[in-house]
Amino acid sequence: MTLLPKPRSVKEVAEFVQARVLGDETVQLTGIASVKSAIPGDLVFVDDRKNLRPALESRAAAVIAGDFAAGKTSSKPLLLVTQPRLAFARAAQLLSPRAERKSGIHPSAIVHPSARLGGSVTVEERVVIGEGVQIGESARIGAGSVIGANASIGHNCDLYPNVTVYAGVRIGDRVIVHSGAVLGSDGFGYVRDQATGHYEKFPQVGRLEIEDDVEIGANTTIDRGALDVTRIGRGAKIDNLVHIGHNCQIGEDVVIAAQTGLSGSITIEKNVVLGGQVGIGEHARIEEGVMLGGQGGVLPNKVLKGKGIAFWGTPAKPVREYLKELAVLARLARKE
């Protein structure tokens with residue numbers, strides 16, 4: 001069952017997102033929408049001046065905008081903020097519909113007697129919770145998920161259906177894990193016998209630790225450390241179909257887009273952005289604030305540095321340098 005949010009006044013929303021209001025603060029808001037799809041009662045946002053007029057002419061009840069709208073006369077209330085998109089995202093917490101959640105353990109779930117579950121925990125159909133597991137208050141474990149022995153999950157976490165958490169994994173508070181994710185599986189580590197050519201499995205007995213406020217996309221896999229720890233830093237956002245190998249260290253507020261693959265023992269420092277289909281070799285380091293464009297590749301043991309610098313290509317280079325090389329190659333091709 002979906003619960004519709006109660007109407008909120010423009011004043012209430014403005015106070016929640018710390019906006020300055022121009023116009024009628026008593027207007028009631030019942031939802032959020034894009035400018036194109038807005039209906040009466042909806043709140044919309046615009047990031048720049050060129051999109052302000054369509055928003056004001058839409059059916060929306062109110063508009064979040066930047067200071068560029070300060071001198072605008074409008075029949076709609078305007079909520080003025082420095083970062084309209086961010087304010088809109090926060091307003092959605094008040095105005096978005098949400099699924100009703102009933103706490104409790106479904107009869108089909110299997111919960112080991114030694115597991116410790118906090119108050120208001122929801123355990124859905126066919127969940128398996130192993131020995132010594134700890135789950136914090138108000139967490140949800142989606143249908144068909146498996147939580148291995150001695151794993152711990154913090155408060156207000158949301159695990160969607162069919163998530164697998166291997167034994168001993170540590171997950172912080174307010175973590176979201178989407179369907180099909182596998183957390184704490186063995187890393188891809190083998191030792192080759194030079195005499196026979198056969199491969200022996202190297203021990204994969206380390207840990208996986210996921211800090212607070214992380215979101216992990218559907219069908220993403222994160223390996224435990226071989227002997228030490230794989231760590232996902234606070235606030236990291238990881239898209240669908242990402243693979244993170246054993247012993248990787250992912251810093252705070254890192255963003256990783258879909259289909260990216262990280263080999264083992266890679267360090268990604270805080271505030272790094274990795275585009276889709278990026279590939280990074282083992283023991284590489286991506287330093288703070290670097291941006292690596294889609295399908296970019298980093299060779300093993302390499303270091304990318306330069307806060308705010310965008311890299312692209314394989315092997316990855318600063319975008320300007322890479323584009324110059326492409327231009328030279330294009331000229332040479334034309335001469336041929």
# chains A, B, ... in the order shown; residues from 1 in each chain; ligands from 1
>>> residues_around(residues="Ile216 (chain A)", least_positions_apart="4", cutoff="8 Å", atoms="only C-alpha atoms", output="PyMOL selection string")
chain A and resi 176-178+181+220+237-240
>>> residues_around(residues="region 287-301 of chain A", least_positions_apart="3", cutoff="7 Å", atoms="only C-alpha atoms", output="PyMOL selection string")
chain A and resi 268-284+304-316
>>> write_last_selection(atoms="N, CA and C atoms", output="PDB file, in the first residue's frame")
ATOM      1  N   ILE A 268      40.362   4.849  -3.951  1.00  0.00           N
ATOM      2  CA  ILE A 268      39.605   5.953  -4.543  1.00  0.00           C
ATOM      3  C   ILE A 268      39.384   6.963  -3.432  1.00  0.00           C
ATOM      4  N   GLU A 269      40.043   8.107  -3.505  1.00  0.00           N
ATOM      5  CA  GLU A 269      39.933   9.083  -2.425  1.00  0.00           C
ATOM      6  C   GLU A 269      38.604   9.841  -2.487  1.00  0.00           C
ATOM      7  N   LYS A 270      38.324  10.629  -1.472  1.00  0.00           N
ATOM      8  CA  LYS A 270      37.004  11.244  -1.332  1.00  0.00           C
ATOM      9  C   LYS A 270      36.682  12.210  -2.479  1.00  0.00           C
ATOM     10  N   ASN A 271      35.377  12.312  -2.744  1.00  0.00           N
ATOM     11  CA  ASN A 271      34.824  13.239  -3.734  1.00  0.00           C
ATOM     12  C   ASN A 271      35.248  12.934  -5.175  1.00  0.00           C
ATOM     13  N   VAL A 272      35.683  11.723  -5.429  1.00  0.00           N
ATOM     14  CA  VAL A 272      35.983  11.300  -6.802  1.00  0.00           C
ATOM     15  C   VAL A 272      34.672  10.950  -7.507  1.00  0.00           C
ATOM     16  N   VAL A 273      34.598  11.219  -8.813  1.00  0.00           N
ATOM     17  CA  VAL A 273      33.444  10.833  -9.635  1.00  0.00           C
ATOM     18  C   VAL A 273      33.944   9.930 -10.756  1.00  0.00           C
ATOM     19  N   LEU A 274      33.397   8.724 -10.843  1.00  0.00           N
ATOM     20  CA  LEU A 274      33.738   7.781 -11.899  1.00  0.00           C
ATOM     21  C   LEU A 274      32.536   7.612 -12.815  1.00  0.00           C
ATOM     22  N   GLY A 275      32.717   7.855 -14.109  1.00  0.00           N
ATOM     23  CA  GLY A 275      31.638   7.700 -15.070  1.00  0.00           C
ATOM     24  C   GLY A 275      31.342   6.238 -15.363  1.00  0.00           C
ATOM     25  N   GLY A 276      30.347   6.008 -16.199  1.00  0.00           N
ATOM     26  CA  GLY A 276      29.941   4.656 -16.534  1.00  0.00           C
ATOM     27  C   GLY A 276      31.004   3.891 -17.310  1.00  0.00           C
ATOM     28  N   GLN A 277      31.065   2.593 -17.050  1.00  0.00           N
ATOM     29  CA  GLN A 277      31.967   1.670 -17.746  1.00  0.00           C
ATOM     30  C   GLN A 277      33.451   2.007 -17.575  1.00  0.00           C
ATOM     31  N   VAL A 278      33.789   2.651 -16.505  1.00  0.00           N
ATOM     32  CA  VAL A 278      35.193   2.893 -16.180  1.00  0.00           C
ATOM     33  C   VAL A 278      35.836   1.576 -15.747  1.00  0.00           C
ATOM     34  N   GLY A 279      37.104   1.396 -16.103  1.00  0.00           N
ATOM     35  CA  GLY A 279      37.862   0.237 -15.650  1.00  0.00           C
ATOM     36  C   GLY A 279      39.183   0.661 -15.033  1.00  0.00           C
ATOM     37  N   ILE A 280      39.503   0.136 -13.858  1.00  0.00           N
ATOM     38  CA  ILE A 280      40.714   0.545 -13.148  1.00  0.00           C
ATOM     39  C   ILE A 280      41.483  -0.699 -12.721  1.00  0.00           C
ATOM     40  N   GLY A 281      42.786  -0.704 -13.025  1.00  0.00           N
ATOM     41  CA  GLY A 281      43.640  -1.839 -12.709  1.00  0.00           C
ATOM     42  C   GLY A 281      44.078  -1.857 -11.259  1.00  0.00           C
ATOM     43  N   GLU A 282      44.587  -3.002 -10.835  1.00  0.00           N
ATOM     44  CA  GLU A 282      44.923  -3.218  -9.431  1.00  0.00           C
ATOM     45  C   GLU A 282      45.992  -2.243  -8.933  1.00  0.00           C
ATOM     46  N   HIS A 283      45.853  -1.883  -7.667  1.00  0.00           N
ATOM     47  CA  HIS A 283      46.802  -1.030  -6.945  1.00  0.00           C
ATOM     48  C   HIS A 283      46.874   0.399  -7.505  1.00  0.00           C
ATOM     49  N   ALA A 284      45.938   0.787  -8.352  1.00  0.00           N
ATOM     50  CA  ALA A 284      45.896   2.181  -8.813  1.00  0.00           C
ATOM     51  C   ALA A 284      45.336   3.067  -7.704  1.00  0.00           C
ATOM     52  N   LEU A 304      46.120   8.916 -10.573  1.00  0.00           N
ATOM     53  CA  LEU A 304      45.513  10.107 -11.174  1.00  0.00           C
ATOM     54  C   LEU A 304      45.360  11.140 -10.081  1.00  0.00           C
ATOM     55  N   LYS A 305      45.881  12.339 -10.323  1.00  0.00           N
ATOM     56  CA  LYS A 305      45.791  13.388  -9.312  1.00  0.00           C
ATOM     57  C   LYS A 305      45.398  14.701  -9.970  1.00  0.00           C
ATOM     58  N   GLY A 306      44.798  15.555  -9.160  1.00  0.00           N
ATOM     59  CA  GLY A 306      44.388  16.866  -9.637  1.00  0.00           C
ATOM     60  C   GLY A 306      42.940  17.141  -9.277  1.00  0.00           C
ATOM     61  N   LYS A 307      42.704  17.750  -8.128  1.00  0.00           N
ATOM     62  CA  LYS A 307      41.353  18.022  -7.647  1.00  0.00           C
ATOM     63  C   LYS A 307      40.588  18.857  -8.665  1.00  0.00           C
ATOM     64  N   GLY A 308      39.431  18.372  -9.090  1.00  0.00           N
ATOM     65  CA  GLY A 308      38.609  19.087 -10.054  1.00  0.00           C
ATOM     66  C   GLY A 308      38.993  18.869 -11.504  1.00  0.00           C
ATOM     67  N   ILE A 309      40.026  18.091 -11.761  1.00  0.00           N
ATOM     68  CA  ILE A 309      40.471  17.829 -13.135  1.00  0.00           C
ATOM     69  C   ILE A 309      39.715  16.625 -13.689  1.00  0.00           C
ATOM     70  N   ALA A 310      39.226  16.752 -14.922  1.00  0.00           N
ATOM     71  CA  ALA A 310      38.524  15.662 -15.587  1.00  0.00           C
ATOM     72  C   ALA A 310      39.499  14.887 -16.461  1.00  0.00           C
ATOM     73  N   PHE A 311      39.444  13.562 -16.350  1.00  0.00           N
ATOM     74  CA  PHE A 311      40.262  12.660 -17.163  1.00  0.00           C
ATOM     75  C   PHE A 311      39.355  11.858 -18.087  1.00  0.00           C
ATOM     76  N   TRP A 312      39.924  11.399 -19.211  1.00  0.00           N
ATOM     77  CA  TRP A 312      39.143  10.624 -20.166  1.00  0.00           C
ATOM     78  C   TRP A 312      40.089   9.749 -20.975  1.00  0.00           C
ATOM     79  N   GLY A 313      39.542   8.694 -21.543  1.00  0.00           N
ATOM     80  CA  GLY A 313      40.319   7.842 -22.432  1.00  0.00           C
ATOM     81  C   GLY A 313      41.023   6.711 -21.723  1.00  0.00           C
ATOM     82  N   THR A 314      41.688   5.864 -22.526  1.00  0.00           N
ATOM     83  CA  THR A 314      42.464   4.735 -22.014  1.00  0.00           C
ATOM     84  C   THR A 314      43.810   4.671 -22.723  1.00  0.00           C
ATOM     85  N   PRO A 315      44.918   4.827 -21.995  1.00  0.00           N
ATOM     86  CA  PRO A 315      44.971   5.163 -20.567  1.00  0.00           C
ATOM     87  C   PRO A 315      44.475   6.592 -20.327  1.00  0.00           C
ATOM     88  N   ALA A 316      43.848   6.814 -19.196  1.00  0.00           N
ATOM     89  CA  ALA A 316      43.201   8.092 -18.920  1.00  0.00           C
ATOM     90  C   ALA A 316      44.204   9.240 -18.863  1.00  0.00           C
TER      91      ALA A 316
END
>>> closest_residue(among="A:Ala87, A:Ala327, A:Ala60, A:Val255", to="Thr30 (chain A)", atoms="only C-alpha atoms")
A:Ala60
>>> select_by_dssp(residues="region 83-290 of chain A", states="alpha helix (DSSP H)", output="PyMOL selection string")
chain A and resi 84-95
>>> write_last_selection(atoms="C-alpha atoms", output="compact mmCIF listing (two decimals), in the first residue's frame")
# COMPACT_ATOMS: atom_id res chain seq x y z
CA PRO A 84 17.39 24.69 -6.40
CA ARG A 85 17.96 21.04 -7.34
CA LEU A 86 19.22 20.21 -3.85
CA ALA A 87 16.30 22.03 -2.21
CA PHE A 88 13.86 20.15 -4.46
CA ALA A 89 15.41 16.82 -3.47
CA ARG A 90 14.97 17.73 0.19
CA ALA A 91 11.39 18.90 -0.35
CA ALA A 92 10.64 15.49 -1.83
CA GLN A 93 11.12 14.01 1.64
CA LEU A 94 7.96 15.84 2.69
CA LEU A 95 5.93 15.55 -0.50
>>> closest_atom_pairs(of="region 179-271 of chain A", to="region 156-167 of chain A", cutoff="6 Å", atoms="only C-alpha atoms", output="JSON lines")
{"residue": "A:Ser179", "atom": "CA", "partner": "A:Tyr160", "partner_atom": "CA", "distance": 5.0}
{"residue": "A:Gly180", "atom": "CA", "partner": "A:Val163", "partner_atom": "CA", "distance": 5.0}
{"residue": "A:Ala181", "atom": "CA", "partner": "A:Val163", "partner_atom": "CA", "distance": 5.1}
{"residue": "A:Val182", "atom": "CA", "partner": "A:Thr164", "partner_atom": "CA", "distance": 4.8}
{"residue": "A:Leu183", "atom": "CA", "partner": "A:Val165", "partner_atom": "CA", "distance": 4.9}
{"residue": "A:Gly184", "atom": "CA", "partner": "A:Tyr166", "partner_atom": "CA", "distance": 5.1}
>>> write_last_selection(atoms="N, CA and C atoms", output="CSV table (one decimal), in the first residue's frame")
chain,number,residue,atom,x,y,z
A,179,SER,N,18.1,-4.4,-5.1
A,179,SER,CA,17.9,-5.8,-5.3
A,179,SER,C,19.1,-6.4,-6.1
A,180,GLY,N,19.4,-7.6,-5.7
A,180,GLY,CA,20.4,-8.4,-6.4
A,180,GLY,C,21.8,-8.1,-6.0
A,181,ALA,N,22.1,-7.1,-5.1
A,181,ALA,CA,23.4,-6.8,-4.7
A,181,ALA,C,24.0,-8.0,-3.9
A,182,VAL,N,25.3,-8.2,-4.0
A,182,VAL,CA,26.0,-9.2,-3.2
A,182,VAL,C,27.2,-8.5,-2.5
A,183,LEU,N,27.1,-8.6,-1.2
A,183,LEU,CA,28.1,-7.8,-0.4
A,183,LEU,C,29.0,-8.8,0.4
A,184,GLY,N,30.3,-8.8,0.2
A,184,GLY,CA,31.2,-9.6,1.0
A,184,GLY,C,31.6,-10.9,0.4
>>> closest_residue(among="A:Leu332, A:Val35, A:Leu43, A:Val205", to="Arg8 (chain A)", atoms="only C-alpha atoms")
A:Leu43
>>> decode(residues="region 43-197 of chain A", atoms="C-alpha atoms", output="PDB file, in the first residue's frame")
ATOM      1  CA  LEU A  43       6.059  21.721  -6.517  1.00  0.00           C
ATOM      2  CA  VAL A  44       8.593  22.070  -9.359  1.00  0.00           C
ATOM      3  CA  PHE A  45      12.098  23.523  -9.645  1.00  0.00           C
ATOM      4  CA  VAL A  46      14.268  25.340 -12.173  1.00  0.00           C
ATOM      5  CA  ASP A  47      18.049  25.640 -12.193  1.00  0.00           C
ATOM      6  CA  ASP A  48      18.429  28.598 -14.565  1.00  0.00           C
ATOM      7  CA  ARG A  49      16.686  31.687 -15.848  1.00  0.00           C
ATOM      8  CA  LYS A  50      15.811  30.270 -19.278  1.00  0.00           C
ATOM      9  CA  ASN A  51      13.545  27.633 -17.745  1.00  0.00           C
ATOM     10  CA  LEU A  52      11.775  29.980 -15.348  1.00  0.00           C
ATOM     11  CA  ARG A  53       9.004  31.114 -17.692  1.00  0.00           C
ATOM     12  CA  PRO A  54       7.818  27.567 -18.563  1.00  0.00           C
ATOM     13  CA  ALA A  55       7.711  26.776 -14.835  1.00  0.00           C
ATOM     14  CA  LEU A  56       5.655  29.869 -14.067  1.00  0.00           C
ATOM     15  CA  GLU A  57       3.280  29.054 -16.936  1.00  0.00           C
ATOM     16  CA  SER A  58       2.889  25.425 -15.858  1.00  0.00           C
ATOM     17  CA  ARG A  59       0.056  24.025 -13.747  1.00  0.00           C
ATOM     18  CA  ALA A  60       2.344  23.720 -10.714  1.00  0.00           C
ATOM     19  CA  ALA A  61       1.357  25.358  -7.451  1.00  0.00           C
ATOM     20  CA  ALA A  62       4.835  26.693  -6.576  1.00  0.00           C
ATOM     21  CA  VAL A  63       8.356  26.894  -7.957  1.00  0.00           C
ATOM     22  CA  ILE A  64      11.771  26.453  -6.348  1.00  0.00           C
ATOM     23  CA  ALA A  65      14.295  28.691  -8.113  1.00  0.00           C
ATOM     24  CA  GLY A  66      17.620  30.431  -7.646  1.00  0.00           C
ATOM     25  CA  ASP A  67      18.232  34.094  -6.918  1.00  0.00           C
ATOM     26  CA  PHE A  68      17.835  34.809 -10.651  1.00  0.00           C
ATOM     27  CA  ALA A  69      14.054  34.756  -9.968  1.00  0.00           C
ATOM     28  CA  ALA A  70      14.186  37.339  -7.174  1.00  0.00           C
ATOM     29  CA  GLY A  71      12.807  40.221  -9.232  1.00  0.00           C
ATOM     30  CA  LYS A  72      10.173  38.197 -11.053  1.00  0.00           C
ATOM     31  CA  THR A  73       6.473  38.984 -10.651  1.00  0.00           C
ATOM     32  CA  SER A  74       4.472  35.780 -10.421  1.00  0.00           C
ATOM     33  CA  SER A  75       1.076  34.526  -9.397  1.00  0.00           C
ATOM     34  CA  LYS A  76       2.803  31.420  -8.037  1.00  0.00           C
ATOM     35  CA  PRO A  77       4.827  31.452  -4.838  1.00  0.00           C
ATOM     36  CA  LEU A  78       8.572  31.281  -5.455  1.00  0.00           C
ATOM     37  CA  LEU A  79      10.920  29.535  -3.030  1.00  0.00           C
ATOM     38  CA  LEU A  80      14.361  31.090  -3.538  1.00  0.00           C
ATOM     39  CA  VAL A  81      17.490  29.116  -2.670  1.00  0.00           C
ATOM     40  CA  THR A  82      21.132  28.936  -3.700  1.00  0.00           C
ATOM     41  CA  GLN A  83      20.870  25.326  -4.930  1.00  0.00           C
ATOM     42  CA  PRO A  84      17.392  24.690  -6.402  1.00  0.00           C
ATOM     43  CA  ARG A  85      17.958  21.041  -7.338  1.00  0.00           C
ATOM     44  CA  LEU A  86      19.215  20.211  -3.852  1.00  0.00           C
ATOM     45  CA  ALA A  87      16.301  22.029  -2.210  1.00  0.00           C
ATOM     46  CA  PHE A  88      13.859  20.151  -4.459  1.00  0.00           C
ATOM     47  CA  ALA A  89      15.407  16.821  -3.470  1.00  0.00           C
ATOM     48  CA  ARG A  90      14.973  17.729   0.191  1.00  0.00           C
ATOM     49  CA  ALA A  91      11.390  18.902  -0.348  1.00  0.00           C
ATOM     50  CA  ALA A  92      10.636  15.487  -1.830  1.00  0.00           C
ATOM     51  CA  GLN A  93      11.120  14.011   1.643  1.00  0.00           C
ATOM     52  CA  LEU A  94       7.960  15.838   2.691  1.00  0.00           C
ATOM     53  CA  LEU A  95       5.928  15.552  -0.504  1.00  0.00           C
ATOM     54  CA  SER A  96       6.728  12.176  -2.109  1.00  0.00           C
ATOM     55  CA  PRO A  97       4.423   9.157  -1.683  1.00  0.00           C
ATOM     56  CA  ARG A  98       5.978   6.352   0.320  1.00  0.00           C
ATOM     57  CA  ALA A  99       5.215   2.691   0.688  1.00  0.00           C
ATOM     58  CA  GLU A 100       3.589   1.653   3.923  1.00  0.00           C
ATOM     59  CA  ARG A 101       5.932  -0.410   6.051  1.00  0.00           C
ATOM     60  CA  LYS A 102       4.671  -2.730   8.758  1.00  0.00           C
ATOM     61  CA  SER A 103       7.333  -3.827  11.193  1.00  0.00           C
ATOM     62  CA  GLY A 104       7.601  -7.436  12.206  1.00  0.00           C
ATOM     63  CA  ILE A 105       8.899 -10.790  10.981  1.00  0.00           C
ATOM     64  CA  HIS A 106       7.034 -12.572   8.206  1.00  0.00           C
ATOM     65  CA  PRO A 107       6.088 -16.177   9.116  1.00  0.00           C
ATOM     66  CA  SER A 108       8.094 -17.553   6.184  1.00  0.00           C
ATOM     67  CA  ALA A 109      11.334 -15.888   7.329  1.00  0.00           C
ATOM     68  CA  ILE A 110      14.020 -17.949   9.064  1.00  0.00           C
ATOM     69  CA  VAL A 111      15.748 -16.057  11.880  1.00  0.00           C
ATOM     70  CA  HIS A 112      18.436 -17.736  13.971  1.00  0.00           C
ATOM     71  CA  PRO A 113      17.605 -17.598  17.703  1.00  0.00           C
ATOM     72  CA  SER A 114      20.895 -15.816  18.445  1.00  0.00           C
ATOM     73  CA  ALA A 115      20.194 -12.960  16.025  1.00  0.00           C
ATOM     74  CA  ARG A 116      19.466  -9.588  17.653  1.00  0.00           C
ATOM     75  CA  LEU A 117      16.912  -7.374  15.918  1.00  0.00           C
ATOM     76  CA  GLY A 118      16.182  -3.791  16.999  1.00  0.00           C
ATOM     77  CA  GLY A 119      12.786  -2.228  17.412  1.00  0.00           C
ATOM     78  CA  SER A 120      10.495  -1.651  14.410  1.00  0.00           C
ATOM     79  CA  VAL A 121      12.556  -3.936  12.157  1.00  0.00           C
ATOM     80  CA  THR A 122      10.788  -5.337   9.080  1.00  0.00           C
ATOM     81  CA  VAL A 123      11.747  -8.813   7.880  1.00  0.00           C
ATOM     82  CA  GLU A 124       9.874  -9.769   4.718  1.00  0.00           C
ATOM     83  CA  GLU A 125       8.978 -13.087   3.082  1.00  0.00           C
ATOM     84  CA  ARG A 126      11.564 -15.890   2.816  1.00  0.00           C
ATOM     85  CA  VAL A 127      14.392 -13.909   4.426  1.00  0.00           C
ATOM     86  CA  VAL A 128      17.166 -15.953   6.064  1.00  0.00           C
ATOM     87  CA  ILE A 129      19.056 -14.363   8.970  1.00  0.00           C
ATOM     88  CA  GLY A 130      22.027 -16.307  10.277  1.00  0.00           C
ATOM     89  CA  GLU A 131      23.641 -16.902  13.628  1.00  0.00           C
ATOM     90  CA  GLY A 132      24.839 -13.859  15.582  1.00  0.00           C
ATOM     91  CA  VAL A 133      23.439 -11.275  13.157  1.00  0.00           C
ATOM     92  CA  GLN A 134      22.694  -7.799  14.515  1.00  0.00           C
ATOM     93  CA  ILE A 135      20.140  -5.504  12.850  1.00  0.00           C
ATOM     94  CA  GLY A 136      19.500  -1.962  14.070  1.00  0.00           C
ATOM     95  CA  GLU A 137      16.213  -0.207  14.702  1.00  0.00           C
ATOM     96  CA  SER A 138      13.786   0.532  11.856  1.00  0.00           C
ATOM     97  CA  ALA A 139      15.770  -1.452   9.288  1.00  0.00           C
ATOM     98  CA  ARG A 140      14.018  -3.347   6.503  1.00  0.00           C
ATOM     99  CA  ILE A 141      15.240  -6.657   5.074  1.00  0.00           C
ATOM    100  CA  GLY A 142      13.529  -7.266   1.738  1.00  0.00           C
ATOM    101  CA  ALA A 143      11.956 -10.519   0.593  1.00  0.00           C
ATOM    102  CA  GLY A 144      14.331 -13.332  -0.280  1.00  0.00           C
ATOM    103  CA  SER A 145      17.404 -11.666   1.205  1.00  0.00           C
ATOM    104  CA  VAL A 146      20.073 -13.653   3.054  1.00  0.00           C
ATOM    105  CA  ILE A 147      22.115 -12.208   5.915  1.00  0.00           C
ATOM    106  CA  GLY A 148      25.129 -14.349   6.787  1.00  0.00           C
ATOM    107  CA  ALA A 149      26.383 -15.246  10.242  1.00  0.00           C
ATOM    108  CA  ASN A 150      27.722 -12.434  12.438  1.00  0.00           C
ATOM    109  CA  ALA A 151      26.899  -9.717   9.907  1.00  0.00           C
ATOM    110  CA  SER A 152      25.702  -6.407  11.310  1.00  0.00           C
ATOM    111  CA  ILE A 153      23.302  -3.904   9.766  1.00  0.00           C
ATOM    112  CA  GLY A 154      22.755  -0.451  11.276  1.00  0.00           C
ATOM    113  CA  HIS A 155      19.714   1.651  12.042  1.00  0.00           C
ATOM    114  CA  ASN A 156      17.255   2.761   9.339  1.00  0.00           C
ATOM    115  CA  CYS A 157      18.842   0.645   6.617  1.00  0.00           C
ATOM    116  CA  ASP A 158      16.774  -0.456   3.640  1.00  0.00           C
ATOM    117  CA  LEU A 159      17.706  -3.697   1.887  1.00  0.00           C
ATOM    118  CA  TYR A 160      15.515  -4.400  -1.128  1.00  0.00           C
ATOM    119  CA  PRO A 161      14.515  -7.959  -2.147  1.00  0.00           C
ATOM    120  CA  ASN A 162      17.117 -10.623  -2.918  1.00  0.00           C
ATOM    121  CA  VAL A 163      20.154  -8.939  -1.385  1.00  0.00           C
ATOM    122  CA  THR A 164      22.917 -11.254  -0.181  1.00  0.00           C
ATOM    123  CA  VAL A 165      25.109 -10.148   2.723  1.00  0.00           C
ATOM    124  CA  TYR A 166      27.922 -12.616   3.408  1.00  0.00           C
ATOM    125  CA  ALA A 167      29.103 -13.576   6.884  1.00  0.00           C
ATOM    126  CA  GLY A 168      30.814 -10.899   8.940  1.00  0.00           C
ATOM    127  CA  VAL A 169      29.942  -7.912   6.753  1.00  0.00           C
ATOM    128  CA  ARG A 170      29.477  -4.613   8.624  1.00  0.00           C
ATOM    129  CA  ILE A 171      26.918  -2.106   7.316  1.00  0.00           C
ATOM    130  CA  GLY A 172      26.446   1.303   8.939  1.00  0.00           C
ATOM    131  CA  ASP A 173      23.331   3.414   9.448  1.00  0.00           C
ATOM    132  CA  ARG A 174      20.914   4.651   6.749  1.00  0.00           C
ATOM    133  CA  VAL A 175      22.415   2.447   4.044  1.00  0.00           C
ATOM    134  CA  ILE A 176      20.286   1.563   1.006  1.00  0.00           C
ATOM    135  CA  VAL A 177      21.038  -1.646  -0.898  1.00  0.00           C
ATOM    136  CA  HIS A 178      19.078  -2.415  -4.044  1.00  0.00           C
ATOM    137  CA  SER A 179      17.916  -5.787  -5.313  1.00  0.00           C
ATOM    138  CA  GLY A 180      20.420  -8.399  -6.373  1.00  0.00           C
ATOM    139  CA  ALA A 181      23.433  -6.806  -4.704  1.00  0.00           C
ATOM    140  CA  VAL A 182      26.014  -9.203  -3.247  1.00  0.00           C
ATOM    141  CA  LEU A 183      28.123  -7.844  -0.392  1.00  0.00           C
ATOM    142  CA  GLY A 184      31.198  -9.562   0.987  1.00  0.00           C
ATOM    143  CA  SER A 185      31.736 -12.356  -1.544  1.00  0.00           C
ATOM    144  CA  ASP A 186      35.242 -13.754  -2.030  1.00  0.00           C
ATOM    145  CA  GLY A 187      37.691 -11.722  -4.059  1.00  0.00           C
ATOM    146  CA  PHE A 188      39.220 -13.050  -7.267  1.00  0.00           C
ATOM    147  CA  GLY A 189      42.508 -14.222  -5.782  1.00  0.00           C
ATOM    148  CA  TYR A 190      44.532 -17.250  -6.875  1.00  0.00           C
ATOM    149  CA  VAL A 191      48.139 -18.441  -6.763  1.00  0.00           C
ATOM    150  CA  ARG A 192      49.534 -20.390  -9.739  1.00  0.00           C
ATOM    151  CA  ASP A 193      51.584 -23.483  -9.113  1.00  0.00           C
ATOM    152  CA  GLN A 194      54.568 -23.032 -11.445  1.00  0.00           C
ATOM    153  CA  ALA A 195      55.178 -26.760 -11.539  1.00  0.00           C
ATOM    154  CA  THR A 196      51.699 -27.853 -12.618  1.00  0.00           C
ATOM    155  CA  GLY A 197      50.129 -24.671 -13.980  1.00  0.00           C
TER     156      GLY A 197
END
